[in-house]
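Just upload35.txt here, compact mmCIF, C-alpha atoms:
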# COMPACT_ATOMS: atom_id res chain seq x y z
CA MET G 6 109.00 21.27 111.51
CA ASN G 7 106.51 24.05 112.07
CA LYS G 8 106.18 25.97 108.79
CA SER G 9 106.00 29.35 110.52
CA PHE G 10 109.23 28.62 112.36
CA PHE G 11 110.90 27.44 109.13
CA TYR G 12 110.03 30.61 107.19
CA LEU G 13 111.09 32.81 110.09
CA ALA G 14 114.48 31.06 110.30
CA LEU G 15 114.95 31.29 106.54
CA SER G 16 114.13 35.00 106.38
CA THR G 17 116.46 35.69 109.32
CA MET G 18 119.33 33.91 107.57
CA VAL G 19 118.76 35.81 104.30
CA PHE G 20 118.70 39.12 106.17
CA PHE G 21 121.94 38.28 108.00
CA LEU G 22 123.74 37.34 104.78
CA ALA G 23 122.55 40.48 103.04
CA CYS G 24 123.81 42.66 105.86
CA SER G 25 127.15 40.92 106.31
CA SER G 26 128.16 40.52 102.65
CA PRO G 27 130.42 43.28 101.23
CA SER G 28 128.89 45.30 98.40
CA ASP G 29 130.45 45.64 94.97
CA GLU G 30 130.84 49.37 95.59
CA ASN G 31 133.30 48.97 98.50
CA LYS G 32 135.51 45.93 98.18
CA PRO G 33 137.38 44.76 101.30
CA SER G 34 141.15 45.00 101.56
CA SER G 35 141.64 41.32 100.65
CA ASN G 36 140.28 42.07 97.18
CA ILE G 37 143.04 44.41 95.95
CA VAL G 38 143.09 44.06 92.17
CA TYR G 39 146.38 44.53 90.34
CA GLY G 40 146.45 45.77 86.77
CA THR G 41 149.14 45.41 84.12
CA PRO G 42 152.53 46.80 85.20
CA VAL G 43 153.89 49.73 83.20
CA THR G 44 157.57 50.21 82.36
CA TYR G 45 158.45 53.88 82.00
CA GLY G 46 161.96 55.26 81.88
CA ASN G 47 164.11 52.85 83.84
CA GLU G 48 161.42 51.73 86.27
CA THR G 49 158.40 49.45 86.34
CA TYR G 50 155.25 50.69 88.04
CA GLU G 51 152.62 48.35 89.41
CA THR G 52 149.03 49.41 88.83
CA VAL G 53 145.89 48.83 90.90
CA VAL G 54 142.27 48.75 89.76
CA ILE G 55 140.00 50.67 92.11
CA GLY G 56 136.41 50.58 90.91
CA THR G 57 136.54 51.48 87.21
CA GLN G 58 139.86 53.33 87.52
CA THR G 59 143.40 52.04 87.07
CA TRP G 60 146.07 53.95 89.03
CA PHE G 61 149.81 53.75 89.39
CA LYS G 62 150.44 52.10 92.76
CA ARG G 63 153.14 54.63 93.66
CA ASN G 64 154.16 58.17 92.86
CA LEU G 65 155.91 58.88 89.60
CA ASN G 66 159.71 58.99 89.70
CA TYR G 67 160.47 59.97 86.12
CA ASN G 68 163.19 62.58 85.63
CA PRO G 69 162.28 64.55 82.50
CA ASN G 70 164.77 66.09 80.10
CA GLU G 71 162.71 69.28 80.16
CA GLY G 72 160.65 70.82 82.94
CA ASN G 73 161.08 71.06 86.69
CA SER G 74 161.24 68.24 89.22
CA TRP G 75 162.94 67.71 92.57
CA CYS G 76 163.62 65.25 95.38
CA TYR G 77 164.56 65.93 98.97
CA GLY G 78 168.10 65.40 100.16
CA ASN G 79 171.40 66.95 101.22
CA ASP G 80 173.58 64.68 99.08
CA ASP G 81 173.25 62.40 96.06
CA ALA G 82 172.61 59.25 98.10
CA GLU G 83 169.82 60.84 100.14
CA ILE G 84 168.24 62.40 97.06
CA GLN G 85 168.24 59.07 95.23
CA ALA G 86 166.76 57.25 98.23
CA ASN G 87 163.96 59.79 98.58
CA CYS G 88 163.24 59.71 94.85
CA LEU G 89 162.80 55.95 95.01
CA LYS G 90 160.64 56.10 98.15
CA TYR G 91 158.41 59.10 97.51
CA GLY G 92 158.77 59.77 93.78
CA ARG G 93 159.71 63.15 92.38
CA LEU G 94 157.96 66.48 92.98
CA TYR G 95 156.89 68.36 89.84
CA ASP G 96 155.63 71.82 89.10
CA TRP G 97 152.19 71.84 87.49
CA ALA G 98 153.30 72.53 83.92
CA THR G 99 155.73 69.61 84.01
CA ALA G 100 153.20 67.36 85.74
CA MET G 101 150.70 67.89 82.94
CA THR G 102 153.00 66.25 80.40
CA ILE G 103 154.88 63.73 82.53
CA CYS G 104 152.71 60.57 82.59
CA PRO G 105 153.48 57.81 80.06
CA PRO G 106 151.32 57.20 76.98
CA GLY G 107 147.90 55.85 77.91
CA PHE G 108 147.97 57.59 81.30
CA ARG G 109 147.29 61.14 82.47
CA ILE G 110 147.10 63.47 85.43
CA PRO G 111 143.71 62.98 87.19
CA THR G 112 141.13 65.76 87.22
CA ASN G 113 139.17 66.84 90.29
CA ALA G 114 136.33 64.62 89.05
CA ASP G 115 138.71 61.65 88.84
CA TRP G 116 139.88 62.23 92.41
CA ASP G 117 136.27 62.56 93.58
CA LYS G 118 135.42 59.26 91.91
CA LEU G 119 138.26 57.52 93.75
CA ILE G 120 137.34 59.06 97.10
CA ASN G 121 133.66 58.20 96.76
CA TYR G 122 134.47 54.62 95.79
CA VAL G 123 136.54 53.95 98.90
CA GLY G 124 134.07 55.71 101.18
CA ASP G 125 133.96 59.51 101.49
CA SER G 126 136.30 62.45 101.98
CA LEU G 127 136.18 62.09 105.77
CA THR G 128 137.58 58.55 105.81
CA ALA G 129 139.32 58.06 102.45
CA GLY G 130 142.70 59.26 103.71
CA THR G 131 143.04 56.36 106.12
CA LYS G 132 141.99 53.85 103.47
CA LEU G 133 144.41 55.18 100.85
CA LYS G 134 147.51 55.69 103.04
CA THR G 135 150.28 53.16 103.55
CA THR G 136 150.36 51.23 106.81
CA THR G 137 153.77 52.69 107.73
CA GLY G 138 155.76 55.84 107.01
CA TRP G 139 153.33 58.50 108.28
CA VAL G 140 154.41 60.58 111.26
CA SER G 141 152.07 60.91 114.22
CA TYR G 142 151.29 64.58 114.74
CA GLY G 143 149.41 66.42 117.47
CA GLY G 144 148.44 63.15 119.13
CA GLU G 145 146.95 61.73 115.93
CA GLY G 146 148.32 58.50 114.43
CA GLY G 147 149.33 59.05 110.84
CA ASN G 148 149.38 55.59 109.25
CA GLY G 149 146.54 54.18 107.19
CA THR G 150 145.13 50.78 106.26
CA ASP G 151 145.90 50.82 102.50
CA ASP G 152 142.68 48.91 101.83
CA TYR G 153 142.78 49.27 98.04
CA GLY G 154 146.51 49.21 97.28
CA PHE G 155 146.79 52.93 96.48
CA SER G 156 149.70 53.14 98.95
CA ALA G 157 149.76 56.91 99.42
CA LEU G 158 152.99 58.15 101.04
CA PRO G 159 153.67 61.55 102.66
CA GLY G 160 155.99 62.96 100.01
CA GLY G 161 155.66 66.55 101.22
CA CYS G 162 156.15 69.34 98.70
CA ARG G 163 158.56 71.92 97.37
CA VAL G 164 157.45 75.35 98.59
CA ILE G 165 157.84 78.57 96.63
CA SER G 166 157.12 82.14 97.63
CA ASP G 167 153.39 82.20 97.07
CA PRO G 168 150.39 84.23 98.33
CA TRP G 169 148.57 80.99 99.23
CA GLY G 170 151.21 79.88 101.73
CA GLY G 171 153.10 76.64 102.28
CA CYS G 172 152.28 72.97 102.77
CA MET G 173 153.16 70.06 105.01
CA SER G 174 156.55 68.38 104.86
CA THR G 175 157.74 64.84 104.18
CA GLY G 176 156.35 62.32 106.65
CA ILE G 177 153.36 64.47 107.61
CA GLY G 178 151.51 65.20 104.37
CA GLY G 179 151.17 64.16 100.74
CA HIS G 180 150.07 66.41 97.86
CA TRP G 181 149.07 65.29 94.36
CA TRP G 182 148.41 67.56 91.41
CA SER G 183 145.07 67.73 89.65
CA ALA G 184 144.72 68.64 85.98
CA ASP G 185 142.21 71.39 86.84
CA GLU G 186 143.30 75.00 87.05
CA TYR G 187 141.98 77.31 89.74
CA GLU G 188 139.55 79.74 88.08
CA ASP G 189 141.48 79.44 84.80
CA ASN G 190 143.84 82.16 85.95
CA ASN G 191 147.13 80.60 84.82
CA ILE G 192 148.51 81.15 88.32
CA ALA G 193 147.21 78.30 90.47
CA ALA G 194 145.90 74.73 90.12
CA TYR G 195 144.10 72.24 92.33
CA TYR G 196 145.63 69.39 94.25
CA GLN G 197 144.49 66.62 96.59
CA GLY G 198 146.02 66.49 100.05
CA ILE G 199 146.27 63.75 102.67
CA ALA G 200 147.71 64.44 106.10
CA TYR G 201 148.09 62.57 109.40
CA LEU G 202 144.30 62.66 109.84
CA ALA G 203 141.69 60.39 108.26
CA TYR G 204 140.33 62.71 105.60
CA VAL G 205 141.28 63.81 102.07
CA TYR G 206 141.01 67.48 101.19
CA GLN G 207 141.08 69.53 98.00
CA SER G 208 142.80 72.88 97.74
CA TYR G 209 144.90 74.93 95.31
CA ARG G 210 148.39 76.34 95.16
CA GLY G 211 150.60 78.23 92.77
CA LYS G 212 151.69 76.22 89.76
CA GLY G 213 155.33 76.61 90.74
CA PHE G 214 154.91 74.41 93.81
CA GLY G 215 156.45 70.95 93.64
CA PHE G 216 153.84 68.23 94.26
CA SER G 217 153.70 64.48 93.69
CA VAL G 218 152.16 62.92 90.60
CA ARG G 219 149.97 59.83 90.49
CA CYS G 220 149.15 58.69 86.96
CA LEU G 221 145.67 57.45 85.99
CA LYS G 222 144.88 55.26 82.99
CA ASN G 223 142.91 56.96 80.20
Encoded form (structure tokens):
Amino acid sequence: MNKSFFYLALSTMVFFLACSSPSDENKPSSNIVYGTPVTYGNETYETVVIGTQTWFKRNLNYNPNEGNSWCYGNDDAEIQANCLKYGRLYDWATAMTICPPGFRIPTNADWDKLINYVGDSLTAGTKLKTTTGWVSYGGEGGNGTDDYGFSALPGGCRVISDPWGGCMSTGIGGHWWSADEYEDNNIAAYYQGIAYLAYVYQSYRGKGFGFSVRCLKN
């Protein structure tokens, strides 16, 4: 065989493999990594390892003896069903103490680390959302691909009278508390939001709002 042709073929093959192989930074959906399950209260929560972080695979559904938490519903059966599906909604003060030992409420930096690992803020919503359960809105399809097993669901929120306004309802949007306060003013705190679009956004609301909680391993 002509040596020039051999080296050309070899270099072409190496280039193709380098371009087609997934990087360690963004693992494909077939490589979802499960952590050790956690039993808390009367329920067991699966965990998923995403990069260097270990997250609960679903929203917390722990009913505390003290503090404020809610679930949607017009009767006991509907409330229980929504609690099991979406988890409970907590005000910020309750959320800050609600995760089991060894886990905590994520900070803005923790959320940023997750978002950057799965891609960026413009596409992370699709990759983190469940493949069903999201309502199409304004012509946009709501469901995601759940590439990393985060399985974000649109749990909505509990709205209070607040100068910063409301938030999207069950089926359309999900909202998860951050541990960071807004300007240390004891009035508002940050949260991460995912809607029917592809992106993830960060905003803030009054601490009395009811948002979902996703626990992160220390």
_For atom CA of Ala157 of chain G and atom CA of Gly130 of chain G, the interatomic separation in Å (one decimal)_ =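 Going from atom CA of Ala157 of chain G over to atom CA of Gly130 of chain G covers 8.6 Å.
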_My list of candidates is G:Tyr91, G:Tyr153, G:Tyr77, G:Tyr122. Which is closest to Asn36 of chain G when distances are computed with all atoms listed in the file?_
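Looking only at the distances to Asn36 of chain G, the closest residue turns out to be G:Tyr153.
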*asked:* List the spatial neighbours of segment 46-49 of chain G as a list in words - criterion: any atom at most 10 Å away, all atoms listed in the file, same-chain residues fewer than 5 positions off excluded.
replied: Leu65, Asn66, Tyr67, Asn68, Pro69, Leu89 and Pro105 of chain G
*Option closest in space to Cys76 of chain G, from G:Ile192, G:Leu202, G:Cys162, G:Ala98 [counting all atoms listed in the file]*: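 When distances to Cys76 of chain G are compared using all atoms listed in the file, the smallest one comes from G:Cys162.
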*Residue among G:Asn190, G:Asn87, G:Thr135, G:Asn79 lying closest to Asp152 of chain G, counting only C-alpha atoms*: G:Thr135
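For the set G:Gly92, G:Gly138, G:Gly146, G:Gly124, the residue with the smallest atom-to-atom gap to Arg63 of chain G is G:Gly92, counting all atoms listed in the file.
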Need the shell around segment 213-215 of chain G: protein/DNA/RNA residues with any atom at most 10 Å away, counting only C-alpha atoms. Skip same-chain ones fewer than 2 positions apart. Format as a tab-separated table (two decimals) with C-alpha atoms, in the frame of the given file?
chain	number	residue	atom	x	y	z
G	73	ASN	CA	161.08	71.06	86.69
G	74	SER	CA	161.24	68.24	89.22
G	75	TRP	CA	162.94	67.71	92.57
G	76	CYS	CA	163.62	65.25	95.38
G	93	ARG	CA	159.71	63.15	92.38
G	94	LEU	CA	157.96	66.48	92.98
G	95	TYR	CA	156.89	68.36	89.84
G	96	ASP	CA	155.63	71.82	89.10
G	97	TRP	CA	152.19	71.84	87.49
G	98	ALA	CA	153.30	72.53	83.92
G	99	THR	CA	155.73	69.61	84.01
G	100	ALA	CA	153.20	67.36	85.74
G	161	GLY	CA	155.66	66.55	101.22
G	162	CYS	CA	156.15	69.34	98.70
G	163	ARG	CA	158.56	71.92	97.37
G	164	VAL	CA	157.45	75.35	98.59
G	165	ILE	CA	157.84	78.57	96.63
G	166	SER	CA	157.12	82.14	97.63
G	167	ASP	CA	153.39	82.20	97.07
G	171	GLY	CA	153.10	76.64	102.28
G	172	CYS	CA	152.28	72.97	102.77
G	180	HIS	CA	150.07	66.41	97.86
G	181	TRP	CA	149.07	65.29	94.36
G	182	TRP	CA	148.41	67.56	91.41
G	192	ILE	CA	148.51	81.15	88.32
G	193	ALA	CA	147.21	78.30	90.47
G	194	ALA	CA	145.90	74.73	90.12
G	210	ARG	CA	148.39	76.34	95.16
G	211	GLY	CA	150.60	78.23	92.77
G	217	SER	CA	153.70	64.48	93.69
G	218	VAL	CA	152.16	62.92	90.60
*asked:* Nearest residue to Asp151 of chain G out of G:Ala82, G:Ile199, G:Leu119, G:Ala129, using all atoms listed in the file?
replied: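 Of all the options, G:Ala129 lies closest to Asp151 of chain G.
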*What is the distance between atom CA of Tyr187 of chain G and atom CA of Cys220 of chain G, in Å to one decimal?*
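For atom CA of Tyr187 of chain G relative to atom CA of Cys220 of chain G, the distance reads 20.1 Å.
Interatomic distance, atom CA of Gly160 of chain G against atom CA of Glu83 of chain G: 14.0 Å.
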*Of the residues G:Tyr142, G:Phe61, G:Phe155, G:Phe216, which is the one nearest to Ala200 of chain G, using only C-alpha atoms?*
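Comparing G:Tyr142, G:Phe61, G:Phe155, G:Phe216 against Ala200 of chain G, the winner is G:Tyr142.
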